[in-house]
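**Q** Got a structure here, written out as structure tokens. Questions coming.
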Amino acid sequence: MIKNTVINAELGYALATARHKDAIVICDANMPIPDGCNVIDVSLIRGVPTLEQTICAIMNDLVAERYEVFELMPQYNDAMYQKDSVAAAAAAWRNHQSDRLTETMQKAKVVVRTGDFGSCCTMVLYSASGMDKYVKQYDCSFFHWRSKIGGPYGRKKKIYPDCGRRK
């Protein structure tokens with residue numbers, strides 16, 4: 001289920017067609033990606049976009065029920081581990097075993113390669129079914145109708161609120 005729109009056409013399509021429990025793998029530029037994976041390379045230059053920027057963009061569109069981080073990330077890249085935990089805070093998390101990573105990448109809906117060159121920067125997001133507890137915390141409406149005069153027969157006026165996280 002998608003909430004907004006990523007402007008990268010391939011990535012936007014992958015997110016829009018993600019169904020319940022589909023895996024979206026996000027990795028750094030150093031990650032050896034196995035043959036046969038559906039790869040979307042969003043890297044431009046070294047360090048652009050970062051893993052954190054990519055996760056934030058994807059989490060604005062994808063309803064994720066959980067995420068997994070590469071089990072070695074806390075040990076070798078604690079700063080990135082802390083950032084990932086904040087970026088994907090709405091979803092439950094656990095560590096992803098390195099021996100399952102290749103298999104997960106091959107079965108994933110998509111593997112997104114970023115421009116990040118950090119150590120052990122790999123994360124797996126799992127798409128949710130659109131459950132209210134994941135969707136309600138975001139206000140993605142573009143406009144709503146409000147009565148200018150009041151009452152059910154009052155004149156209607158378009159109001160364009162700021163889109164963003166509800167408090």
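Lettering and numbering for the structure tokens are positional, with chains as A, B, ... in the shown order, residues counted from 1 in each chain, and ligands counted from 1 in the shown order.
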I'd like the neighbourhood of segment 104-115 of chain A as a PyMOL selection string, where a residue qualifies if any of its atoms comes within 7 Å (using only C-alpha atoms), though same-chain residues fewer than 2 positions away should be ignored.
**A** chain A and resi 14+22-29+34+36-51+100-102+117
**Q** Restricting it to N, CA and C atoms, dump the selection as a PDB file, in the first residue's frame.
**A**
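The resulting file, result20.pdb, is reproduced below:
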ATOM      1  N   ALA A  14       7.287  -0.016  -7.691  1.00  0.00           N
ATOM      2  CA  ALA A  14       7.538  -1.139  -6.779  1.00  0.00           C
ATOM      3  C   ALA A  14       6.797  -0.944  -5.460  1.00  0.00           C
ATOM      4  N   ASP A  22       5.502  -8.273   1.474  1.00  0.00           N
ATOM      5  CA  ASP A  22       6.556  -8.137   0.454  1.00  0.00           C
ATOM      6  C   ASP A  22       7.764  -7.465   1.089  1.00  0.00           C
ATOM      7  N   ALA A  23       8.957  -7.956   0.747  1.00  0.00           N
ATOM      8  CA  ALA A  23      10.199  -7.403   1.285  1.00  0.00           C
ATOM      9  C   ALA A  23      10.765  -6.342   0.351  1.00  0.00           C
ATOM     10  N   ILE A  24      11.191  -5.225   0.924  1.00  0.00           N
ATOM     11  CA  ILE A  24      11.895  -4.161   0.215  1.00  0.00           C
ATOM     12  C   ILE A  24      13.263  -4.065   0.889  1.00  0.00           C
ATOM     13  N   VAL A  25      14.330  -4.423   0.178  1.00  0.00           N
ATOM     14  CA  VAL A  25      15.675  -4.384   0.746  1.00  0.00           C
ATOM     15  C   VAL A  25      16.323  -3.059   0.346  1.00  0.00           C
ATOM     16  N   ILE A  26      16.892  -2.361   1.323  1.00  0.00           N
ATOM     17  CA  ILE A  26      17.612  -1.113   1.068  1.00  0.00           C
ATOM     18  C   ILE A  26      19.054  -1.356   1.497  1.00  0.00           C
ATOM     19  N   CYS A  27      19.981  -1.126   0.577  1.00  0.00           N
ATOM     20  CA  CYS A  27      21.379  -1.427   0.900  1.00  0.00           C
ATOM     21  C   CYS A  27      22.313  -0.311   0.442  1.00  0.00           C
ATOM     22  N   ASP A  28      23.544  -0.381   0.942  1.00  0.00           N
ATOM     23  CA  ASP A  28      24.552   0.594   0.563  1.00  0.00           C
ATOM     24  C   ASP A  28      25.178   0.218  -0.774  1.00  0.00           C
ATOM     25  N   ALA A  29      25.984   1.106  -1.306  1.00  0.00           N
ATOM     26  CA  ALA A  29      26.605   0.903  -2.619  1.00  0.00           C
ATOM     27  C   ALA A  29      27.622  -0.236  -2.618  1.00  0.00           C
ATOM     28  N   PRO A  34      23.172 -10.272  -5.265  1.00  0.00           N
ATOM     29  CA  PRO A  34      23.194 -11.512  -6.048  1.00  0.00           C
ATOM     30  C   PRO A  34      22.517 -11.352  -7.406  1.00  0.00           C
ATOM     31  N   GLY A  36      20.007 -12.026 -10.396  1.00  0.00           N
ATOM     32  CA  GLY A  36      18.600 -12.381 -10.415  1.00  0.00           C
ATOM     33  C   GLY A  36      17.708 -11.517  -9.544  1.00  0.00           C
ATOM     34  N   CYS A  37      18.289 -10.566  -8.830  1.00  0.00           N
ATOM     35  CA  CYS A  37      17.484  -9.679  -7.981  1.00  0.00           C
ATOM     36  C   CYS A  37      16.891  -8.553  -8.815  1.00  0.00           C
ATOM     37  N   ASN A  38      15.724  -8.079  -8.406  1.00  0.00           N
ATOM     38  CA  ASN A  38      15.111  -6.906  -9.025  1.00  0.00           C
ATOM     39  C   ASN A  38      15.733  -5.685  -8.353  1.00  0.00           C
ATOM     40  N   VAL A  39      16.718  -5.067  -8.999  1.00  0.00           N
ATOM     41  CA  VAL A  39      17.492  -3.974  -8.400  1.00  0.00           C
ATOM     42  C   VAL A  39      17.065  -2.624  -8.971  1.00  0.00           C
ATOM     43  N   ILE A  40      16.875  -1.665  -8.075  1.00  0.00           N
ATOM     44  CA  ILE A  40      16.680  -0.277  -8.465  1.00  0.00           C
ATOM     45  C   ILE A  40      17.839   0.491  -7.850  1.00  0.00           C
ATOM     46  N   ASP A  41      18.692   1.010  -8.695  1.00  0.00           N
ATOM     47  CA  ASP A  41      19.885   1.736  -8.242  1.00  0.00           C
ATOM     48  C   ASP A  41      19.554   3.224  -8.242  1.00  0.00           C
ATOM     49  N   VAL A  42      19.444   3.803  -7.050  1.00  0.00           N
ATOM     50  CA  VAL A  42      19.122   5.229  -6.931  1.00  0.00           C
ATOM     51  C   VAL A  42      20.363   6.073  -6.659  1.00  0.00           C
ATOM     52  N   SER A  43      21.536   5.435  -6.656  1.00  0.00           N
ATOM     53  CA  SER A  43      22.769   6.175  -6.360  1.00  0.00           C
ATOM     54  C   SER A  43      23.102   7.157  -7.476  1.00  0.00           C
ATOM     55  N   LEU A  44      23.633   8.308  -7.089  1.00  0.00           N
ATOM     56  CA  LEU A  44      24.050   9.329  -8.050  1.00  0.00           C
ATOM     57  C   LEU A  44      25.562   9.493  -8.020  1.00  0.00           C
ATOM     58  N   ILE A  45      26.072   9.812  -6.837  1.00  0.00           N
ATOM     59  CA  ILE A  45      27.508   9.928  -6.602  1.00  0.00           C
ATOM     60  C   ILE A  45      27.781   9.314  -5.230  1.00  0.00           C
ATOM     61  N   ARG A  46      29.023   9.174  -4.891  1.00  0.00           N
ATOM     62  CA  ARG A  46      29.381   8.605  -3.584  1.00  0.00           C
ATOM     63  C   ARG A  46      28.687   9.387  -2.466  1.00  0.00           C
ATOM     64  N   GLY A  47      27.864   8.686  -1.701  1.00  0.00           N
ATOM     65  CA  GLY A  47      27.169   9.307  -0.577  1.00  0.00           C
ATOM     66  C   GLY A  47      25.818   9.912  -0.886  1.00  0.00           C
ATOM     67  N   VAL A  48      25.368   9.874  -2.129  1.00  0.00           N
ATOM     68  CA  VAL A  48      24.084  10.484  -2.505  1.00  0.00           C
ATOM     69  C   VAL A  48      23.253   9.489  -3.314  1.00  0.00           C
ATOM     70  N   PRO A  49      22.038   9.200  -2.869  1.00  0.00           N
ATOM     71  CA  PRO A  49      21.455   9.548  -1.580  1.00  0.00           C
ATOM     72  C   PRO A  49      21.975   8.616  -0.489  1.00  0.00           C
ATOM     73  N   THR A  50      21.869   9.074   0.735  1.00  0.00           N
ATOM     74  CA  THR A  50      22.283   8.253   1.865  1.00  0.00           C
ATOM     75  C   THR A  50      21.226   7.190   2.130  1.00  0.00           C
ATOM     76  N   LEU A  51      21.598   6.225   2.927  1.00  0.00           N
ATOM     77  CA  LEU A  51      20.638   5.202   3.331  1.00  0.00           C
ATOM     78  C   LEU A  51      19.501   5.846   4.108  1.00  0.00           C
ATOM     79  N   ARG A 100      20.842 -15.440   5.899  1.00  0.00           N
ATOM     80  CA  ARG A 100      19.574 -15.377   5.171  1.00  0.00           C
ATOM     81  C   ARG A 100      19.499 -14.184   4.218  1.00  0.00           C
ATOM     82  N   LEU A 101      20.473 -13.294   4.275  1.00  0.00           N
ATOM     83  CA  LEU A 101      20.388 -12.045   3.523  1.00  0.00           C
ATOM     84  C   LEU A 101      20.340 -12.264   2.013  1.00  0.00           C
ATOM     85  N   THR A 102      21.178 -13.142   1.488  1.00  0.00           N
ATOM     86  CA  THR A 102      21.186 -13.408   0.043  1.00  0.00           C
ATOM     87  C   THR A 102      19.841 -13.955  -0.405  1.00  0.00           C
ATOM     88  N   PHE A 117      28.119   4.649   1.460  1.00  0.00           N
ATOM     89  CA  PHE A 117      29.282   3.770   1.524  1.00  0.00           C
ATOM     90  C   PHE A 117      29.605   3.361   2.960  1.00  0.00           C
TER      91      PHE A 117
END
**Q** Identify, on the basis of only C-alpha atoms, every residue whose closest approach to Phe70 of chain A does not exceed 12 Å; exclude the query and any residue fewer than 2 positions from it along the same chain; express the result as number ranges by chain.
**A** A: 25-28, 31, 67-68, 72-78, 80-81, 84, 93-102, 104, 119-125
**Q** Between atom CA of Ser127 of chain A and atom CA of Cys56 of chain A, what is the spacing in Å?
**A**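 Separation of atom CA of Cys56 of chain A and atom CA of Ser127 of chain A: 14.8 Å.
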**Q** Check the DSSP output for the backbone and give back, as a ChimeraX atom specification, the residues of segment 27-128 of chain A in strand (DSSP E or B).
**A** /A:27,39-41,45,48,62,64-70,92-96,110-113,122-127
